[in-house]
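The structure appears below as structure tokens.
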Amino acid sequence: MELQKFYYDNKIVKQFAYATMLWGIVGMLVGLVIALQLAFPIFNFDFQYTTFGRVRPVHTNAIIFAFVGNAIFTGVYYSMQRLLKTRMYSDLLSKIHFWGWQLIIVLAAVTLLAGYTMSKEYAELEWPIDILIAIIWVVFGINMIGTMIVRREQHIYVAIWFYLASFLAVAILHIGNSIEIPVSFLKSYPVYAGVQDALVQWWYGHNAVAFFLTTPFLGLMYYFLPKAANRPVYSYKLSILHFWALIFIYMWAGPHHLLYQALPDWAQALGTTFSIMLIAPSWGGMMNGLLTLRGAWDKVRDSAILKFMVVAVTAYGMATFEGPMLSLKNVNALSHFTDWTIAHVHIGGMGWNGFLTFGMLYWLLPKIFNTKLFSQKLANAHFWIATLGMLMYSVPLYWAGFTQTLMWKEFNADGFLAYPNFLSTVTQILPMYMTRVVGGIFYFTGAILMVYNLIKTVNSGNIINNEEVEAPARAVLQASKLDGESTHRWLERKPVRFAVLTLIAVVIGGAIEIIPVIVVKSNIPSIQSVQPYTPLELEGRDIYVREGCYTCHSQMVRPFRSETERYGDYSKEGEFVYDHPFQWGSKRTGPDLARSGVVTGKMYKSATWHYNHFMDPRSMSPESIMPKYPWFAKQTLDISSLKRKIEVMQSLGVPYPEGYAEKAEAELIAQAEKIAAELKASGIEIAADKEMIAVIAYLHRLGKDISTAEVNP
Amino acid sequence: MDKHNEQMEFDERFDQNLIEDHEYDNIRELDNPAPFWLMGLFYLSVLFSIFYGAYYFWIGIGELQTAEYKSEIAAAEINSKKQASSAFDESNISLYHDEANLAAGAELFATKTCVTCHGTKGEGNAIGPNMTDEYWIHGNTPEQLYQVVKNGVPEKGMTPFKGQLSEKQIVQVISFLLIKLQGTTPENAKAPQGEKLGFYSASQSEVKEPNDSTLQ
């Protein structure tokens, strides 16, 4: 057969690899900063733009979308060209994809620190950036599918199945979760409210883990592991089974982030059961990886690359076993809202994503620079220091999680909470927070070693920007199945059909859970006494969102005696119908605030207390680790878009009376003056137009409506 | 030329069942079955899910979360009824005068967040009033103080402690306040608030002996 000559584009691979290293270092450094902030609040620097609530989303976004994202693209652009025996479909699209993605990262970092946020975890970015992400993602998709269409290889390999599923699912998740109505250039409200918003968000959040952190990396594993080990893939059959099972089942598991919360029981049960059914499909990936190493274990001893890959796959196996266990109601009752979750995700993030990325970079950069790795010894040192770092990071956090949850739940012999003061449960785990910082420093040091090693490697070689190859054209086969061809084998040479089936598989789970919660009224029993926020409370809520309070404070009292004793009545679905976005939170570094407005409740604090606490939390509680917010007292509340906010809320179904937008400002001022007068009576002079007043108004509203309410089924 | 066209190594122990025609950038695939235990695990997890659905919904043996909460509260109430001292009378409180109980009161004052608003020495701060002077906002009889500590004065920032302190503990705290803290002169004392009602006088309660039995 006649050979065609063509060139692999290595330049784009190099660019993505450099971006991976750069953002990896940045993301880990930011992680170190927030770890320090939790152990020593002085690291909030008393500066509005560097408080934990704003920096934490920068860390998560930088690691997930900048570090891991660029790692995915590095591996995909390298392996896809070779697996399909063609150059990428379009150099221009590759270029737009690369620079567009880096632009998004920079915009994300700047806007998040500046306080522009949707407050939906890992989907914090505001609407203009959301649109840009969608465009760039589609550019990537067109480039990917185009490459599949112009391929020379007859069949698409398992790695490509995973890339394809990742592209499709992430597109749906991102768009579905980001439907929002703009209020101004950098502020919008999601169309979903309360329970619906929570369900959509965790459908997204859970599957961002699935289709951004897991399936693309399984694809990378299926290429780079057999390459690095020089061994054939253990089982083609297993690849098929676990691929389809994984992508289908994953999409159902989102509600396991909302167990024992204000979500219909049936949705929670789906979250639990589908999580349990995920164990075997996940382990299918791990086993296919580990069994591929049969006959190559002797190489693992010497090769840092294989060591990284083995630990990555093992960490994947551990995290995907622990995940389903955390989805069991009785385990989740203990783990949720604690550092247990943080430890769990770092096994996945540091172990699976980090280590596979490191292994891939060590393997791939010498190849495209036509040279050898500068130092195997340094790479081995990186491996050991990173492994140690990961353990020193996660073990103390598991310990912190267990300790704190047991303290939260303990009652003394008299029937009272043994630790009614939330802060005492935080003080108890501060030593673990400090140890975690040391683990993070180890892991970060390892990454620095890698960057040095790879810079040296790159300097010793020369980039082959366009790598010459020859391969025959793809033979044209009949469209229908050949004799003796299995259905799946047939599908592998029909990528468009493959993509359509993949799409169907990933859509079903989300649709079955989300549509009924939006459409069927009985899923969210209404509560007559629940009213929309006043204009001042709404503005205060937007400040709460801006500051990322949800990163440390939940607004979700679970139906446990230990929580209702501590916080007040448990949260009901109908309480959140005007919450665009929901603020349930996922971690309690501070106490729950769902009932902070119930005057006779356990969480109520006077306006004076809040004022003093925001000015300096340590003046009220010497051991508090909360950042100071003295600028609340200085900054004037921006009410320039209040009218528009009310109108947007009305368009989303919030029952403000007609023409209310016009009256909102006067009402806001009246309410603010009342609070300012109350503070003045206690000797605190503050103008009524300051942000502080709005935040206090919001905190004094939380959970109040239901205190005298009846729930109507 | 493609520099990567070196063949994957062949290991005769493992590679007898290479699938023909499955070769992508020299990556080969083997025709091994999925591990049987893994398939078993999958079927087990499906069975578990069916059982789970049946347990909670179709047969309905399992308590869903609201029912589970009610059971938990009911169990706690039975337990607390057993322990509650029905003889305790909020309208007639006897203070403690013995050092052990007064020390326990001091300990509670220091550890149950009283100090956050009333100062480490009871001197008061921006939130709470001075506890050492003769001025009182909500009265100074043991019965009045008991109500303030128990139910709080939420609109002014005083936390209700009924969920945190037992009856006996509240009496320990107010005994400490009235007998030990009153009349001390800490630094930075807050200016007086409320009415001048004077210091608590022990004679008020001397007529009745502290009756521990009702509190334990």
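We name chains A, B, ... following the order of the structure tokens; residues begin at 1 in each chain, and ligands are numbered from 1 as shown.
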Test item: chain A residues at most 8 Å from chain B, counting only C-alpha atoms, as number ranges by chain: A: 82-85, 153, 157, 223, 226-227, 230-238, 260, 265, 269, 273-274, 276-277, 279-281, 283-284, 294-295, 414-417, 420-421, 468-470, 559-561, 565-566, 599-602, 604-609, 612, 620-621, 682
Would you mind exporting C-alpha atoms of the selected residues as a PDB file, in the first residue's frame?
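Output contents, as saved in selection-v9.pdb:
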ATOM      1  CA  ARG A  82      -0.248   9.093  16.838  1.00  0.00           C
ATOM      2  CA  LEU A  83      -3.252   6.892  17.579  1.00  0.00           C
ATOM      3  CA  LEU A  84      -5.098   8.211  14.537  1.00  0.00           C
ATOM      4  CA  LYS A  85      -1.987   8.493  12.323  1.00  0.00           C
ATOM      5  CA  GLU A 153      -6.126   4.448  11.355  1.00  0.00           C
ATOM      6  CA  TYR A 157      -8.500   3.100  20.272  1.00  0.00           C
ATOM      7  CA  TYR A 223      -1.774   5.483  25.936  1.00  0.00           C
ATOM      8  CA  PRO A 226       1.566   0.698  27.796  1.00  0.00           C
ATOM      9  CA  LYS A 227       4.018   2.990  26.005  1.00  0.00           C
ATOM     10  CA  ASN A 230       6.307  -1.331  26.506  1.00  0.00           C
ATOM     11  CA  ARG A 231       3.621  -3.914  27.234  1.00  0.00           C
ATOM     12  CA  PRO A 232       0.310  -4.711  25.514  1.00  0.00           C
ATOM     13  CA  VAL A 233      -2.979  -3.665  27.171  1.00  0.00           C
ATOM     14  CA  TYR A 234      -4.245  -6.497  29.369  1.00  0.00           C
ATOM     15  CA  SER A 235      -7.820  -6.788  28.196  1.00  0.00           C
ATOM     16  CA  TYR A 236      -9.698  -5.260  25.293  1.00  0.00           C
ATOM     17  CA  LYS A 237     -12.937  -6.739  26.621  1.00  0.00           C
ATOM     18  CA  LEU A 238     -12.459  -5.084  29.970  1.00  0.00           C
ATOM     19  CA  TYR A 260     -29.089  14.040  54.536  1.00  0.00           C
ATOM     20  CA  ASP A 265     -35.055  10.997  49.433  1.00  0.00           C
ATOM     21  CA  ALA A 269     -30.971   7.031  47.063  1.00  0.00           C
ATOM     22  CA  THR A 273     -26.734   3.258  44.776  1.00  0.00           C
ATOM     23  CA  PHE A 274     -25.129   4.455  41.579  1.00  0.00           C
ATOM     24  CA  ILE A 276     -21.782   1.854  44.841  1.00  0.00           C
ATOM     25  CA  MET A 277     -22.247   0.511  41.318  1.00  0.00           C
ATOM     26  CA  ILE A 279     -16.725   0.675  42.175  1.00  0.00           C
ATOM     27  CA  ALA A 280     -16.303  -2.144  39.672  1.00  0.00           C
ATOM     28  CA  PRO A 281     -16.264   0.032  36.521  1.00  0.00           C
ATOM     29  CA  TRP A 283     -11.585  -0.587  39.241  1.00  0.00           C
ATOM     30  CA  GLY A 284     -11.823  -1.930  35.717  1.00  0.00           C
ATOM     31  CA  ARG A 294       2.562  -7.985  33.936  1.00  0.00           C
ATOM     32  CA  GLY A 295       6.047  -8.818  32.823  1.00  0.00           C
ATOM     33  CA  ASP A 414     -26.680  15.193  80.779  1.00  0.00           C
ATOM     34  CA  GLY A 415     -27.838  15.131  77.159  1.00  0.00           C
ATOM     35  CA  PHE A 416     -25.965  18.273  76.096  1.00  0.00           C
ATOM     36  CA  LEU A 417     -23.481  18.676  73.316  1.00  0.00           C
ATOM     37  CA  PRO A 420     -21.239  23.281  72.191  1.00  0.00           C
ATOM     38  CA  ASN A 421     -18.654  25.885  71.256  1.00  0.00           C
ATOM     39  CA  GLU A 468       7.809  13.431   9.850  1.00  0.00           C
ATOM     40  CA  VAL A 469       5.898  10.152   9.576  1.00  0.00           C
ATOM     41  CA  GLU A 470       4.548   7.878   6.900  1.00  0.00           C
ATOM     42  CA  PRO A 559     -31.670  16.262  60.451  1.00  0.00           C
ATOM     43  CA  PHE A 560     -29.409  15.003  63.235  1.00  0.00           C
ATOM     44  CA  ARG A 561     -29.958  15.741  66.892  1.00  0.00           C
ATOM     45  CA  GLU A 565     -29.123  21.019  69.106  1.00  0.00           C
ATOM     46  CA  ARG A 566     -26.238  23.115  67.861  1.00  0.00           C
ATOM     47  CA  VAL A 599     -33.591  35.579  67.202  1.00  0.00           C
ATOM     48  CA  THR A 600     -34.463  32.990  69.837  1.00  0.00           C
ATOM     49  CA  GLY A 601     -32.131  30.439  68.266  1.00  0.00           C
ATOM     50  CA  LYS A 602     -28.760  29.105  69.211  1.00  0.00           C
ATOM     51  CA  TYR A 604     -28.171  34.311  66.773  1.00  0.00           C
ATOM     52  CA  LYS A 605     -25.649  37.054  67.432  1.00  0.00           C
ATOM     53  CA  SER A 606     -26.514  40.715  67.897  1.00  0.00           C
ATOM     54  CA  ALA A 607     -25.624  43.332  65.294  1.00  0.00           C
ATOM     55  CA  THR A 608     -22.997  44.639  67.708  1.00  0.00           C
ATOM     56  CA  TRP A 609     -21.412  41.205  67.927  1.00  0.00           C
ATOM     57  CA  ASN A 612     -17.051  43.567  66.216  1.00  0.00           C
ATOM     58  CA  MET A 620     -14.706  38.123  70.063  1.00  0.00           C
ATOM     59  CA  SER A 621     -13.079  34.695  70.021  1.00  0.00           C
ATOM     60  CA  SER A 682     -24.657  50.237  71.423  1.00  0.00           C
TER      61      SER A 682
END
So which bits of segment 2-215 of chain B end up alpha helix (DSSP H) when you DSSP the backbone, as number ranges by chain? B: 36-53, 65-83, 99-111, 114-118, 142-151, 167-175, 203-206
Using only C-alpha atoms, which protein or nucleic acid residues come within 7 Å of segment 175-189 of chain B? Drop anything in the same chain fewer than 3 positions from it, and give the result as a VMD selection string. chain B and resid 95 to 96 102 105 to 106 121 123 to 124 130 to 133 171 to 172 199 to 200
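The residue set within 7 Å of segment 580-592 of chain A, counting only C-alpha atoms and dropping same-chain residues fewer than 4 places from it, reads Tyr189, Pro190, Tyr192, Ala193, Gly194, Asp197, Ala198, Phe337, Thr338, Phe422, Tyr550, Thr551, Cys552, His553, Ser554, Gln555, Met556 and Tyr567 of chain A.
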Just write the chosen residues, N, CA, C and O atoms, as an mmCIF file, in the first residue's frame.
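Below is the file again-v3.cif, written as the result:
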data_model
loop_
_atom_site.group_PDB
_atom_site.id
_atom_site.type_symbol
_atom_site.label_atom_id
_atom_site.label_comp_id
_atom_site.auth_asym_id
_atom_site.auth_seq_id
_atom_site.Cartn_x
_atom_site.Cartn_y
_atom_site.Cartn_z
ATOM 1 N N TYR A 189 -27.227 35.934 38.009
ATOM 2 C CA TYR A 189 -27.890 34.991 38.902
ATOM 3 C C TYR A 189 -28.217 33.717 38.122
ATOM 4 O O TYR A 189 -28.731 33.802 37.002
ATOM 5 N N PRO A 190 -27.942 32.547 38.700
ATOM 6 C CA PRO A 190 -28.317 31.308 38.006
ATOM 7 C C PRO A 190 -29.832 31.184 37.910
ATOM 8 O O PRO A 190 -30.546 31.654 38.807
ATOM 9 N N TYR A 192 -31.501 28.531 38.209
ATOM 10 C CA TYR A 192 -32.008 27.562 39.185
ATOM 11 C C TYR A 192 -31.958 28.175 40.584
ATOM 12 O O TYR A 192 -31.096 28.995 40.876
ATOM 13 N N ALA A 193 -32.896 27.742 41.439
ATOM 14 C CA ALA A 193 -32.882 28.240 42.812
ATOM 15 C C ALA A 193 -32.825 27.075 43.790
ATOM 16 O O ALA A 193 -33.366 26.003 43.537
ATOM 17 N N GLY A 194 -32.176 27.298 44.905
ATOM 18 C CA GLY A 194 -32.228 26.385 46.040
ATOM 19 C C GLY A 194 -31.918 24.944 45.709
ATOM 20 O O GLY A 194 -30.839 24.617 45.226
ATOM 21 N N ASP A 197 -30.874 24.289 42.172
ATOM 22 C CA ASP A 197 -29.531 24.782 41.922
ATOM 23 C C ASP A 197 -28.504 23.836 42.538
ATOM 24 O O ASP A 197 -27.467 23.522 41.927
ATOM 25 N N ALA A 198 -28.804 23.356 43.743
ATOM 26 C CA ALA A 198 -27.888 22.429 44.412
ATOM 27 C C ALA A 198 -27.742 21.143 43.600
ATOM 28 O O ALA A 198 -26.638 20.630 43.404
ATOM 29 N N PHE A 337 -18.901 17.719 55.333
ATOM 30 C CA PHE A 337 -18.579 19.019 55.942
ATOM 31 C C PHE A 337 -17.239 19.007 56.684
ATOM 32 O O PHE A 337 -16.897 19.987 57.327
ATOM 33 N N THR A 338 -16.498 17.885 56.688
ATOM 34 C CA THR A 338 -15.223 17.862 57.421
ATOM 35 C C THR A 338 -14.039 17.765 56.450
ATOM 36 O O THR A 338 -14.203 17.646 55.242
ATOM 37 N N PHE A 422 -18.410 25.719 68.836
ATOM 38 C CA PHE A 422 -17.852 25.180 67.591
ATOM 39 C C PHE A 422 -16.338 25.358 67.530
ATOM 40 O O PHE A 422 -15.599 24.487 67.081
ATOM 41 N N TYR A 550 -19.198 30.778 51.586
ATOM 42 C CA TYR A 550 -19.590 29.372 51.455
ATOM 43 C C TYR A 550 -18.398 28.416 51.490
ATOM 44 O O TYR A 550 -18.581 27.215 51.657
ATOM 45 N N THR A 551 -17.190 28.948 51.316
ATOM 46 C CA THR A 551 -16.044 28.023 51.365
ATOM 47 C C THR A 551 -15.779 27.534 52.790
ATOM 48 O O THR A 551 -15.060 26.550 52.965
ATOM 49 N N CYS A 552 -16.329 28.215 53.783
ATOM 50 C CA CYS A 552 -16.125 27.795 55.180
ATOM 51 C C CYS A 552 -17.421 27.608 55.974
ATOM 52 O O CYS A 552 -17.400 26.992 57.027
ATOM 53 N N HIS A 553 -18.501 28.228 55.521
ATOM 54 C CA HIS A 553 -19.754 28.158 56.288
ATOM 55 C C HIS A 553 -20.843 27.501 55.458
ATOM 56 O O HIS A 553 -21.147 27.959 54.354
ATOM 57 N N SER A 554 -21.449 26.455 55.996
ATOM 58 C CA SER A 554 -22.589 25.848 55.314
ATOM 59 C C SER A 554 -23.846 26.616 55.699
ATOM 60 O O SER A 554 -23.847 27.407 56.644
ATOM 61 N N GLN A 555 -24.907 26.401 54.953
ATOM 62 C CA GLN A 555 -26.251 26.874 55.320
ATOM 63 C C GLN A 555 -27.182 25.688 55.140
ATOM 64 O O GLN A 555 -28.056 25.713 54.288
ATOM 65 N N MET A 556 -26.923 24.656 55.867
ATOM 66 C CA MET A 556 -27.669 23.419 55.677
ATOM 67 C C MET A 556 -27.600 22.615 56.972
ATOM 68 O O MET A 556 -26.604 21.957 57.236
ATOM 69 N N TYR A 567 -27.505 24.067 66.018
ATOM 70 C CA TYR A 567 -27.823 25.160 65.100
ATOM 71 C C TYR A 567 -29.291 25.580 65.097
ATOM 72 O O TYR A 567 -29.614 26.701 64.726
#
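In this comparison, which uses only C-alpha atoms, the residue of A:Ile686, A:Ile675, A:Ala594, A:Ile160 approaching Arg701 of chain A most closely is A:Ala594.
Surrounding segment 641-657 of chain A within 8 Å are Ile181, Val183, Ser184, Tyr189, Val191, Pro532, Pro535, Glu539, Tyr578, Ala661, Glu662, Ala664 and Glu665 of chain A, with only C-alpha atoms counted and residues fewer than 4 positions along the same chain left out.
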May I have the residues within 9 Å of Leu449 of chain A as a ChimeraX atom specification, using only C-alpha atoms and disregarding those fewer than 5 positions away in the same chain? /A:378-379,381-382,444,454
